[in-house]
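Visitor: Data file start_19.txt (compact mmCIF, C-alpha atoms) is appended below.
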# COMPACT_ATOMS: atom_id res chain seq x y z
CA MET F 24 67.90 93.66 125.93
CA ASN F 25 70.47 94.21 128.66
CA ILE F 26 73.58 95.96 127.36
CA LEU F 27 75.78 93.31 128.97
CA ALA F 28 73.87 90.54 127.23
CA GLN F 29 74.23 92.43 123.94
CA ALA F 30 77.97 92.85 124.54
CA GLY F 31 78.32 89.17 125.43
CA LEU F 32 76.57 87.99 122.28
CA PHE F 33 78.54 90.43 120.21
CA ALA F 34 81.85 89.28 121.72
CA LEU F 35 80.88 85.66 121.02
CA ALA F 36 80.16 86.50 117.37
CA LEU F 37 83.51 88.27 117.05
CA VAL F 38 85.34 85.27 118.54
CA VAL F 39 83.57 82.88 116.16
CA ASP F 40 84.36 85.18 113.22
CA SER F 41 88.03 85.63 114.07
CA SER F 42 89.06 82.22 115.41
CA ARG F 43 89.63 79.06 113.45
CA ILE F 44 88.31 76.91 116.25
CA ILE F 45 84.63 77.01 115.43
CA GLU F 46 84.51 76.48 111.69
CA LEU F 47 81.23 77.78 110.35
CA PRO F 48 79.90 76.08 107.23
CA LEU F 49 81.60 77.34 104.12
CA PHE F 50 79.67 78.22 100.98
CA GLY F 51 81.85 78.92 97.98
CA GLY F 52 84.83 79.55 100.23
CA VAL F 53 83.05 82.07 102.46
CA HIS F 54 81.13 81.82 105.70
CA PRO F 55 78.53 84.12 107.25
CA LEU F 56 79.92 87.23 108.87
CA LEU F 57 78.17 86.71 112.19
CA PHE F 58 79.12 90.05 113.69
CA THR F 59 77.39 91.89 110.81
CA ALA F 60 74.26 89.78 111.28
CA ILE F 61 74.22 90.74 114.97
CA VAL F 62 74.83 94.42 114.17
CA VAL F 63 71.87 94.31 111.76
CA SER F 64 69.65 92.74 114.43
CA PHE F 65 70.64 95.47 116.93
CA ALA F 66 69.99 98.13 114.29
CA VAL F 67 66.59 96.58 113.45
CA SER F 68 65.47 96.71 117.08
CA SER F 69 67.16 99.94 118.26
CA GLY F 70 67.84 102.12 115.22
CA ALA F 71 70.68 103.34 113.03
CA PHE F 72 72.72 104.96 115.80
CA THR F 73 72.85 101.76 117.87
CA GLY F 74 73.68 99.76 114.73
CA GLY F 75 76.38 102.24 113.74
CA LEU F 76 77.88 102.24 117.23
CA TRP F 77 77.99 98.43 117.46
CA GLY F 78 79.32 98.25 113.90
CA PHE F 79 82.02 100.78 114.77
CA LEU F 80 83.02 98.81 117.88
CA GLY F 81 82.81 95.52 115.99
CA GLY F 82 85.03 96.67 113.14
CA LEU F 83 87.53 98.12 115.60
CA SER F 84 87.59 94.94 117.70
CA LEU F 85 87.88 92.76 114.61
CA GLY F 86 90.88 94.81 113.44
CA LEU F 87 92.51 94.65 116.85
CA LEU F 88 91.79 90.92 117.28
CA ALA F 89 93.11 90.02 113.84
CA GLY F 90 96.05 92.42 114.28
CA ASN F 91 95.10 93.93 110.95
CA PRO F 92 96.88 97.15 109.92
CA GLN F 93 93.60 98.00 108.14
CA VAL F 94 91.88 98.53 111.48
CA GLY F 95 90.59 101.96 110.40
CA ALA F 96 89.00 100.56 107.25
CA LEU F 97 87.38 97.75 109.24
CA THR F 98 86.01 100.31 111.72
CA LEU F 99 84.61 102.46 108.92
CA GLY F 100 83.17 99.36 107.22
CA GLY F 101 81.54 98.19 110.44
CA PHE F 102 80.09 101.64 111.13
CA LEU F 103 78.65 102.04 107.62
CA SER F 104 77.27 98.50 107.51
CA GLY F 105 75.52 99.02 110.85
CA SER F 106 74.00 102.41 110.11
CA VAL F 107 73.48 103.13 106.41
CA PRO F 108 71.25 100.18 105.35
CA VAL F 109 69.00 100.73 108.39
CA LEU F 110 68.66 104.43 107.56
CA LEU F 111 67.05 103.25 104.34
CA ARG F 112 64.40 101.35 106.32
CA PRO F 113 61.40 103.20 104.87
CA LEU F 114 62.28 101.63 101.52
CA VAL F 115 61.85 98.06 102.76
CA PHE F 116 59.22 96.29 104.85
CA TRP F 117 60.12 96.80 108.47
CA ARG F 118 60.56 93.80 110.80
CA LYS F 119 59.65 91.32 108.09
CA TRP F 120 62.19 88.58 107.39
CA THR F 121 62.53 89.73 103.80
CA SER F 122 63.66 93.17 104.93
CA GLN F 123 66.15 91.54 107.30
CA VAL F 124 67.56 89.54 104.38
CA VAL F 125 67.88 92.74 102.34
CA LEU F 126 69.50 94.56 105.28
CA GLY F 127 71.95 91.70 105.88
CA PHE F 128 72.88 91.58 102.20
CA ALA F 129 73.34 95.36 101.99
CA SER F 130 75.33 95.50 105.24
CA VAL F 131 77.88 92.86 104.27
CA LEU F 132 78.20 94.22 100.75
CA LEU F 133 78.80 97.70 102.15
CA PHE F 134 81.32 96.32 104.65
CA ASN F 135 83.34 94.56 101.94
CA LEU F 136 83.01 97.45 99.47
CA THR F 137 84.33 99.86 102.12
CA LEU F 138 87.37 97.64 102.74
CA LEU F 139 87.95 97.38 98.99
CA ALA F 140 87.48 101.13 98.45
CA VAL F 141 89.87 102.09 101.27
CA SER F 142 92.57 99.73 100.05
CA SER F 143 92.04 100.88 96.43
CA VAL F 144 92.31 104.55 97.45
CA ARG F 145 95.53 103.71 99.29
CA GLY F 146 96.81 101.90 96.17
CA GLU F 147 97.12 98.57 97.97
CA ASP F 148 95.12 96.40 95.59
CA SER F 149 94.12 96.21 92.00
CA GLY F 150 90.42 96.96 92.50
CA ILE F 151 87.40 94.74 92.02
CA SER F 152 87.68 91.64 89.83
CA VAL F 153 85.21 88.94 88.83
CA VAL F 154 86.45 86.62 91.58
CA SER F 155 86.47 89.26 94.31
CA GLY F 156 83.04 90.47 93.17
CA LEU F 157 81.64 86.93 93.33
CA ARG F 158 83.16 86.36 96.76
CA MET F 159 81.71 89.62 98.03
CA ALA F 160 78.30 88.68 96.66
CA SER F 161 78.38 85.15 98.11
CA ASP F 162 79.55 86.53 101.48
CA ALA F 163 76.61 88.95 101.43
CA VAL F 164 74.13 86.23 100.37
CA ILE F 165 75.17 83.76 103.05
CA THR F 166 75.09 86.41 105.79
CA ALA F 167 71.73 87.65 104.48
CA ILE F 168 70.32 84.13 104.87
CA VAL F 169 71.59 83.95 108.44
CA CYS F 170 70.29 87.44 109.32
CA PRO F 171 66.57 86.64 109.89
CA LEU F 172 67.57 83.72 112.14
CA VAL F 173 69.81 85.98 114.24
CA CYS F 174 67.08 88.66 114.36
CA ALA F 175 64.48 86.09 115.43
CA GLY F 176 66.81 84.79 118.15
CA MET F 177 67.49 88.32 119.36
CA SER F 178 63.83 89.30 119.52
CA ARG F 179 63.07 86.10 121.44
CA LEU F 180 65.84 86.98 123.92
CA GLU F 181 64.47 90.53 124.17
CA ARG F 182 60.99 89.21 124.99
CA ARG F 183 62.44 87.04 127.76
CA HIS F 184 64.24 90.03 129.29
CA MET W 2 42.52 115.31 132.74
CA PHE W 3 40.25 114.30 129.84
CA ASP W 4 41.75 113.58 126.44
CA THR W 5 40.14 116.38 124.53
CA PRO W 6 41.11 116.76 120.85
CA ARG W 7 43.10 119.87 121.81
CA ASN W 8 45.05 117.95 124.51
CA LEU W 9 45.67 115.06 122.11
CA THR W 10 47.10 117.38 119.47
CA ALA W 11 49.34 119.06 122.05
CA GLY W 12 50.52 115.65 123.25
CA ARG W 13 51.27 114.54 119.71
CA ARG W 14 53.19 117.76 119.03
CA LYS W 15 55.18 117.28 122.22
CA SER W 16 56.05 113.66 121.40
CA ARG W 17 56.91 114.65 117.82
CA ARG W 18 59.22 117.38 119.15
CA ARG W 19 60.82 114.87 121.53
CA LEU W 20 61.22 112.40 118.65
CA SER W 21 62.78 114.97 116.37
CA SER W 22 65.25 116.13 119.07
CA ARG W 23 66.15 112.48 119.68
CA MET W 24 66.63 111.98 115.96
CA LYS W 25 68.82 115.07 115.82
CA LEU W 26 70.95 113.68 118.63
CA GLU W 27 71.20 110.32 116.87
CA PHE W 28 72.22 111.95 113.59
CA ALA W 29 74.82 114.05 115.42
CA GLY W 30 76.14 110.88 117.06
CA LEU W 31 76.24 109.11 113.70
CA ALA W 32 78.09 112.04 112.15
CA VAL W 33 80.70 112.02 114.96
CA LEU W 34 81.18 108.26 114.65
CA GLY W 35 81.39 108.51 110.85
CA ILE W 36 84.02 111.26 110.96
CA LEU W 37 85.99 109.30 113.56
CA ALA W 38 85.86 106.10 111.48
CA ALA W 39 86.78 107.93 108.26
CA GLY W 40 89.72 109.58 110.04
CA MET W 41 90.89 106.21 111.32
CA ALA W 42 90.66 104.75 107.80
CA ALA W 43 92.55 107.71 106.32
CA PHE W 44 95.37 107.59 108.87
CA PRO W 45 96.05 103.89 109.57
CA GLY W 46 99.53 104.56 110.97
CA ALA W 47 98.26 106.97 113.61
CA THR W 48 95.34 104.63 114.41
CA LEU W 49 97.67 101.69 114.96
CA ALA W 50 99.96 103.82 117.14
CA LEU W 51 96.93 105.00 119.15
CA PHE W 52 95.73 101.46 119.76
CA SER W 53 99.10 99.71 120.05
CA PRO W 54 98.98 99.35 123.90
CA VAL W 55 95.38 98.05 123.73
CA ARG W 56 96.28 95.81 120.81
CA GLY W 57 99.09 94.14 122.78
CA VAL W 58 96.80 93.41 125.73
CA ILE W 59 93.93 92.20 123.48
CA ASN W 60 96.24 89.90 121.53
CA ALA W 61 97.76 88.44 124.70
CA LEU W 62 94.26 87.76 126.09
CA TRP W 63 93.11 86.47 122.70
CA ARG W 64 96.03 84.07 122.38
CA THR W 65 95.55 82.73 125.91
CA GLY W 66 91.82 82.32 125.31
CA LEU W 67 92.38 80.57 122.00
CA TYR W 68 94.80 78.08 123.53
CA GLY W 69 92.23 77.33 126.23
CA VAL W 70 89.38 76.90 123.76
CA ASP W 71 91.67 74.83 121.52
CA ALA W 72 92.36 72.45 124.40
CA VAL W 73 88.62 72.14 125.14
CA HIS W 74 87.99 71.67 121.42
CA SER W 75 90.51 68.79 121.20
CA VAL W 76 88.85 67.06 124.14
CA GLY W 77 85.42 67.79 122.63
CA GLU W 78 86.46 66.29 119.30
CA GLY W 79 87.31 63.02 121.05
CA GLY W 80 83.94 63.20 122.78
CA VAL W 81 82.05 63.67 119.53
CA ARG W 82 83.69 60.58 118.09
CA LEU W 83 82.69 58.62 121.14
CA LEU W 84 79.10 59.75 120.77
CA GLY W 85 78.96 58.18 117.32
CA ASN W 86 79.58 54.79 118.86
CA ALA W 87 77.32 55.37 121.85
CA THR W 88 74.12 53.78 120.42
CA ARG W 89 75.92 50.54 119.59
CA LEU W 90 77.80 50.46 122.88
CA ALA W 91 74.65 51.14 124.95
CA GLN W 92 73.50 47.53 124.44
CA GLU W 93 76.65 46.10 125.93
CA LYS W 94 77.64 45.86 129.57
CA ALA W 95 78.68 49.01 131.45
CA GLU W 96 82.18 47.73 132.09
CA LEU W 97 82.78 46.89 128.46
CA GLN W 98 81.28 50.24 127.47
CA LYS W 99 83.75 52.07 129.70
CA LYS W 100 86.65 50.14 128.21
CA LEU W 101 85.46 50.81 124.68
CA GLU W 102 84.99 54.51 125.36
CA THR W 103 88.48 54.75 126.80
CA ALA W 104 89.88 52.85 123.85
CA ALA W 105 88.02 55.03 121.36
CA GLY W 106 89.20 58.17 123.16
CA GLU W 107 92.78 56.97 123.13
CA GLY W 108 92.41 55.99 119.47
CA ALA W 109 91.11 59.42 118.56
CA MET W 110 93.93 61.08 120.47
CA ARG W 111 96.48 58.76 118.87
CA GLU W 112 95.08 59.46 115.41
CA GLU W 113 95.36 63.17 116.13
CA GLU W 114 98.95 62.67 117.30
CA ILE W 115 99.83 60.70 114.17
CA ARG W 116 98.32 63.40 111.96
CA GLU W 117 100.25 66.07 113.84
CA LEU W 118 103.44 64.02 113.50
CA VAL W 119 102.95 63.72 109.73
CA ARG W 120 102.33 67.48 109.45
CA LEU W 121 105.36 68.31 111.57
CA ARG W 122 107.55 65.88 109.60
CA ARG W 123 106.52 67.57 106.37
CA LEU W 124 107.27 70.93 107.97
CA LEU W 125 110.69 69.62 109.08
CA ASN W 126 111.44 68.41 105.55
CA LEU W 127 110.60 71.87 104.24
CA ARG W 128 112.72 73.45 106.98
CA GLU W 129 115.69 71.30 105.97
CA SER W 130 115.21 72.16 102.30
CA ILE W 131 115.43 75.89 103.05
CA SER W 132 118.95 77.02 103.84
CA ASP W 133 117.82 80.24 105.52
CA ARG W 134 116.83 80.69 109.15
CA VAL W 135 113.24 79.65 109.70
CA VAL W 136 110.79 80.05 112.56
CA ALA W 137 108.06 77.43 112.96
CA ALA W 138 104.73 78.95 114.00
CA ARG W 139 101.21 77.85 114.76
CA ILE W 140 98.18 79.58 113.23
CA ILE W 141 95.90 80.85 115.97
CA GLY W 142 93.39 83.02 114.11
CA GLY W 143 92.54 84.98 111.04
CA GLU W 144 90.41 87.66 109.44
CA PRO W 145 86.86 86.64 108.58
CA SER W 146 86.49 88.96 105.57
CA ALA W 147 85.68 87.27 102.26
CA LEU W 148 88.19 89.45 100.45
CA PHE W 149 91.12 90.09 102.70
CA SER W 150 92.88 87.03 104.02
CA THR W 151 95.20 87.32 106.98
CA LEU W 152 96.41 84.73 109.46
CA ILE W 153 97.58 85.32 113.01
CA ILE W 154 100.58 83.22 114.05
CA ASP W 155 101.92 82.66 117.56
CA ARG W 156 105.47 83.90 116.86
CA GLY W 157 106.46 87.55 116.77
CA GLY W 158 109.26 90.05 117.06
CA GLU W 159 110.75 88.29 120.09
CA ASP W 160 111.25 85.17 117.94
CA GLY W 161 112.91 87.08 115.11
CA VAL W 162 109.84 87.51 112.90
CA ARG W 163 109.94 90.76 110.90
CA GLU W 164 107.56 92.54 108.53
CA GLY W 165 107.78 91.38 104.92
CA GLN W 166 109.25 87.95 105.68
CA PRO W 167 107.83 85.10 103.58
CA VAL W 168 105.65 82.40 105.11
CA ALA W 169 105.59 78.87 103.68
CA ALA W 170 103.98 75.49 104.35
CA PRO W 171 104.89 72.00 103.09
CA ALA W 172 102.41 72.37 100.21
CA GLY W 173 103.90 75.69 99.09
CA ALA W 174 104.03 79.44 99.59
CA VAL W 175 101.49 80.93 102.03
CA GLY W 176 102.14 84.67 102.07
CA ARG W 177 104.19 87.31 103.83
CA ILE W 178 104.27 88.94 107.25
CA LEU W 179 102.14 92.07 107.33
CA SER W 180 102.61 93.26 110.91
CA VAL W 181 104.50 92.04 113.95
CA GLY W 182 103.75 92.18 117.66
CA PRO W 183 106.09 91.03 120.43
CA ASP W 184 104.72 87.46 120.52
CA TYR W 185 102.42 87.30 117.51
CA ALA W 186 102.46 88.29 113.85
CA VAL W 187 99.92 88.75 111.09
CA ALA W 188 100.58 87.13 107.73
CA MET W 189 98.85 88.11 104.50
CA TRP W 190 97.82 85.22 102.23
CA LEU W 191 99.01 85.20 98.61
CA CYS W 192 95.40 85.45 97.44
CA ASP W 193 94.74 88.68 99.35
CA PRO W 194 94.03 91.45 96.80
CA ARG W 195 96.92 93.47 98.30
CA SER W 196 99.45 90.70 97.57
CA ARG W 197 101.78 90.72 94.57
CA ILE W 198 104.89 88.57 94.07
CA ALA W 199 107.10 87.63 91.13
CA ALA W 200 106.43 84.09 89.88
CA TYR W 201 107.19 81.90 86.86
CA VAL W 202 105.81 78.92 84.97
CA GLN W 203 107.93 75.89 85.86
CA ARG W 204 107.66 74.21 82.42
CA THR W 205 108.53 77.19 80.23
CA ARG W 206 110.18 79.66 82.72
CA VAL W 207 107.78 82.41 81.62
CA MET W 208 107.78 85.16 84.26
CA GLY W 209 104.78 87.12 85.52
CA VAL W 210 103.36 88.89 88.53
CA LEU W 211 101.20 86.76 90.80
CA ALA W 212 98.41 88.93 92.19
CA GLY W 213 95.71 87.90 94.64
CA ASN W 214 92.04 88.46 93.84
CA GLY W 215 90.38 87.49 97.08
CA GLY W 216 89.54 83.87 96.33
CA GLY W 217 92.54 82.83 94.25
CA CYS W 218 95.53 84.20 92.37
CA GLU W 219 96.24 85.36 88.84
CA LEU W 220 99.56 85.32 87.02
CA ARG W 221 99.40 88.65 85.20
CA TYR W 222 101.34 90.55 82.53
CA LEU W 223 101.97 87.53 80.30
CA SER W 224 102.14 88.30 76.58
CA ALA W 225 99.82 86.53 74.14
CA GLY W 226 102.70 84.50 72.67
CA ASP W 227 103.89 83.10 76.01
CA ASP W 228 103.67 79.34 76.37
CA VAL W 229 101.34 78.78 79.33
CA GLN W 230 98.87 75.90 79.58
CA VAL W 231 96.21 74.75 81.98
CA GLY W 232 97.88 72.44 84.51
CA ASP W 233 101.23 74.26 84.48
CA ARG W 234 102.86 74.67 87.86
CA ILE W 235 103.69 78.16 89.09
CA LEU W 236 106.70 78.75 91.35
CA THR W 237 108.05 81.79 93.19
CA ALA W 238 110.68 83.67 91.19
CA GLY W 239 112.84 84.83 94.11
CA ARG W 240 112.81 88.41 92.91
CA GLY W 241 111.71 91.38 94.97
CA SER W 242 113.26 89.95 98.17
CA VAL W 243 110.05 88.28 99.33
CA PHE W 244 110.29 84.54 98.60
CA PRO W 245 113.24 82.27 97.87
CA LYS W 246 113.19 80.95 94.31
CA GLY W 247 111.30 77.76 93.44
CA ILE W 248 108.62 77.49 96.09
CA MET W 249 105.38 76.02 94.73
CA VAL W 250 102.54 78.51 94.47
CA GLY W 251 99.81 76.69 92.58
CA THR W 252 98.53 75.28 89.30
CA VAL W 253 97.08 77.08 86.28
CA THR W 254 93.36 76.32 85.98
CA GLU W 255 92.27 78.80 83.31
CA LEU W 256 93.71 81.24 80.79
CA ARG W 257 92.11 84.63 80.15
CA LYS W 258 92.84 86.84 77.16
CA ASP W 259 92.88 90.57 77.78
CA GLY W 260 93.79 92.31 74.53
CA LEU W 261 97.45 91.67 73.76
CA SER W 262 98.21 90.18 77.14
CA ILE W 263 96.92 87.07 78.88
CA SER W 264 96.53 86.20 82.52
CA ALA W 265 96.49 82.74 84.07
CA VAL W 266 94.10 81.88 86.88
CA VAL W 267 96.08 79.96 89.51
CA ALA W 268 94.59 77.60 92.09
CA PRO W 269 96.81 77.95 95.19
CA SER W 270 98.54 74.78 96.35
CA VAL W 271 97.99 75.69 100.00
CA ASN W 272 94.52 75.57 101.52
CA VAL W 273 94.90 78.18 104.27
CA ARG W 274 91.66 77.17 105.94
CA LYS W 275 93.11 73.74 106.71
CA LEU W 276 96.59 75.00 107.56
CA GLU W 277 97.75 74.63 111.16
CA GLU W 278 101.52 75.22 111.16
CA VAL W 279 103.75 77.37 108.97
CA LEU W 280 107.38 78.38 108.62
CA VAL W 281 108.47 82.02 108.57
CA ILE W 282 111.62 82.36 106.47
CA SER W 283 114.09 85.06 107.51
CA ARG W 284 117.21 86.19 105.72
CA SER W 285 119.36 89.29 106.02
CA SER W 286 120.11 89.68 102.30
CA PRO W 287 117.44 89.85 99.58
CA PHE W 288 116.43 86.59 97.91
CA ARG W 289 117.51 86.02 94.33
Please lay out the structure from this file as structure tokens.
Guide:
Amino acid sequence: MNILAQAGLFALALVVDSSRIIELPLFGGVHPLLFTAIVVSFAVSSGAFTGGLWGFLGGLSLGLLAGNPQVGALTLGGFLSGSVPVLLRPLVFWRKWTSQVVLGFASVLLFNLTLLAVSSVRGEDSGISVVSGLRMASDAVITAIVCPLVCAGMSRLERRH
Amino acid sequence: MFDTPRNLTAGRRKSRRRLSSRMKLEFAGLAVLGILAAGMAAFPGATLALFSPVRGVINALWRTGLYGVDAVHSVGEGGVRLLGNATRLAQEKAELQKKLETAAGEGAMREEEIRELVRLRRLLNLRESISDRVVAARIIGGEPSALFSTLIIDRGGEDGVREGQPVAAPAGAVGRILSVGPDYAVAMWLCDPRSRIAAYVQRTRVMGVLAGNGGGCELRYLSAGDDVQVGDRILTAGRGSVFPKGIMVGTVTELRKDGLSISAVVAPSVNVRKLEEVLVISRSSPFR
């Protein structure tokens, strides 16, 4: 797919994620992290480096858009979520929707765990609790469900281009 | 040239070599990106300083864009309501349909205005109840993470907003200012895992530390003999120079025993996802 089209879709996902204008459906207080789903779809079609690069840029942009002092942690989280799960691709069935669900789940979980780990190392929070664990899991589940849909949409767009 | 087995093997070797050199390049790229990201996470101060000019420009563009989209959204909302009536109105005459659509549009807008008026009146009541200087602000964005909850407001350093100042809404305490830009600021919600404030049980005056856990709050460090019940209201204690005393935080929904101490699970009184306006409270001396 054209790099500009990729960037456009990615920017749209970031806007939806960061703004309160388009309210995505909430499940247990969380909504799908669209930018991670898009990063996973890029990684599925182009490899770990592309996923890592988009994840890096996504985390950085998310931090800058939200004015979050944790911009470095978000960047690291984005990078890891875009690259590490896809590097483990030989372990799961490639290009099947089940593998995309697994990748989506792993990516979001890794993203949230990175944020939690960085803030724990810096002594900013009290570590993982039952509630935060459940929220992380539900965030990962809901994004994992969305992931195959995003991947299917992306591959359809790729075929058109 | 014919594809002899020898040529095929040479071709495969060549493509394998090309693939492995590409993989090496990709791994090198990944390593560089990883080191860069880890460095940024380890030195947040330097990262923020590095990106501060970009951040200002991005936030200005972001704010302008959000206002634009918000305006389109408001118009769109009216349109959606009109669509609901469209099937019924289609059977009537075109002139009547136009009138009805206009009326429905005006009704939707008026309803929105009334709702805004109610919200602003509540905000004004809160403003009058707080003796300190307050800055009214509109929420224009937030962080999508399931764990960390921040809100972006459209008032910043130029309006007197400073880091650490408390943020409140008519329903209760919201959080505190985490970072400030010239015309925007980022507030951290009370339920963010990084948030901790002093709070007490209204009925029995038992003090504790209210800590966020991502989805809600917990009143921690209560001893087993403390009188706390489900349904008790939790208020800010005014200690630690964050919040004025007596602002509603939430209601106890569950009690958890942890050895000799207990902690109370608190459902926050403010639903940040539905919040549109807030007040930033500023004061030169610490709150008591």
Visitor: Could you tell me how far CA of Gly165 in chain W sits from CA of Leu99 in chain F, in Å to one decimal place?
Guide: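 Separation between CA of Leu99 in chain F and CA of Gly165 in chain W: 26.0 Å.
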Visitor: Using all atoms listed in the file, which chain W residues lie at most 6 Å away from chain F, written as a PyMOL selection string?
Guide: chain W and resi 27+31+38-39+41-42+45+56+142-145+147+194-195+214-215
Visitor: With distances taken over all atoms listed in the file, which of F:Gly176, F:Pro171, F:Gly127, F:Gly105 is nearest to Leu80 in chain F?
Guide: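 Closest to Leu80 in chain F of all the choices is F:Gly105.
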Visitor: Which of these, W:Thr48, W:Leu121, W:Ile282, W:Leu152, has the shortest distance to Pro167 in chain W once you count only C-alpha atoms?
Guide: W:Ile282
Visitor: What gap, in Å, lies between CA of Asp227 in chain W and CA of Asp193 in chain W?
Guide: 25.7 Å
Visitor: Work out how far apart CA of Ala199 in chain W and CA of Val162 in chain W are and give it in Å to one decimal.
Guide: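 Value for the CA of Ala199 in chain W-CA of Val162 in chain W distance: 21.9 Å.
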Visitor: Of the candidates F:Ile26, F:Ala60, F:Val109, F:Ala140, which one gets nearest to Glu181 in chain F if we count only C-alpha atoms?
Guide: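 Going through F:Ile26, F:Ala60, F:Val109, F:Ala140 one by one, the smallest distance to Glu181 in chain F is for F:Ile26.
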Visitor: Centre and edge lengths, as lines of an AutoDock Vina configuration file, for the axis-aligned box enclosing every listed atom of range 85-96 of chain F with 4 Å of padding on each of the six sides, in Å to one decimal?
Guide:
center_x = 92.4
center_y = 96.0
center_z = 112.3
size_x = 17.0
size_y = 19.9
size_z = 18.0
Visitor: Fewer than 6 positions away in the same chain doesn't count, so skip those; otherwise give me all residues within 12 Å of Ala169 in chain W, counting all atoms listed in the file, as a ChimeraX atom specification.
Guide: /W:123-125,127-128,130-131,135-139,175-178,188-191,237,243-245,247-250,270-273,276-283
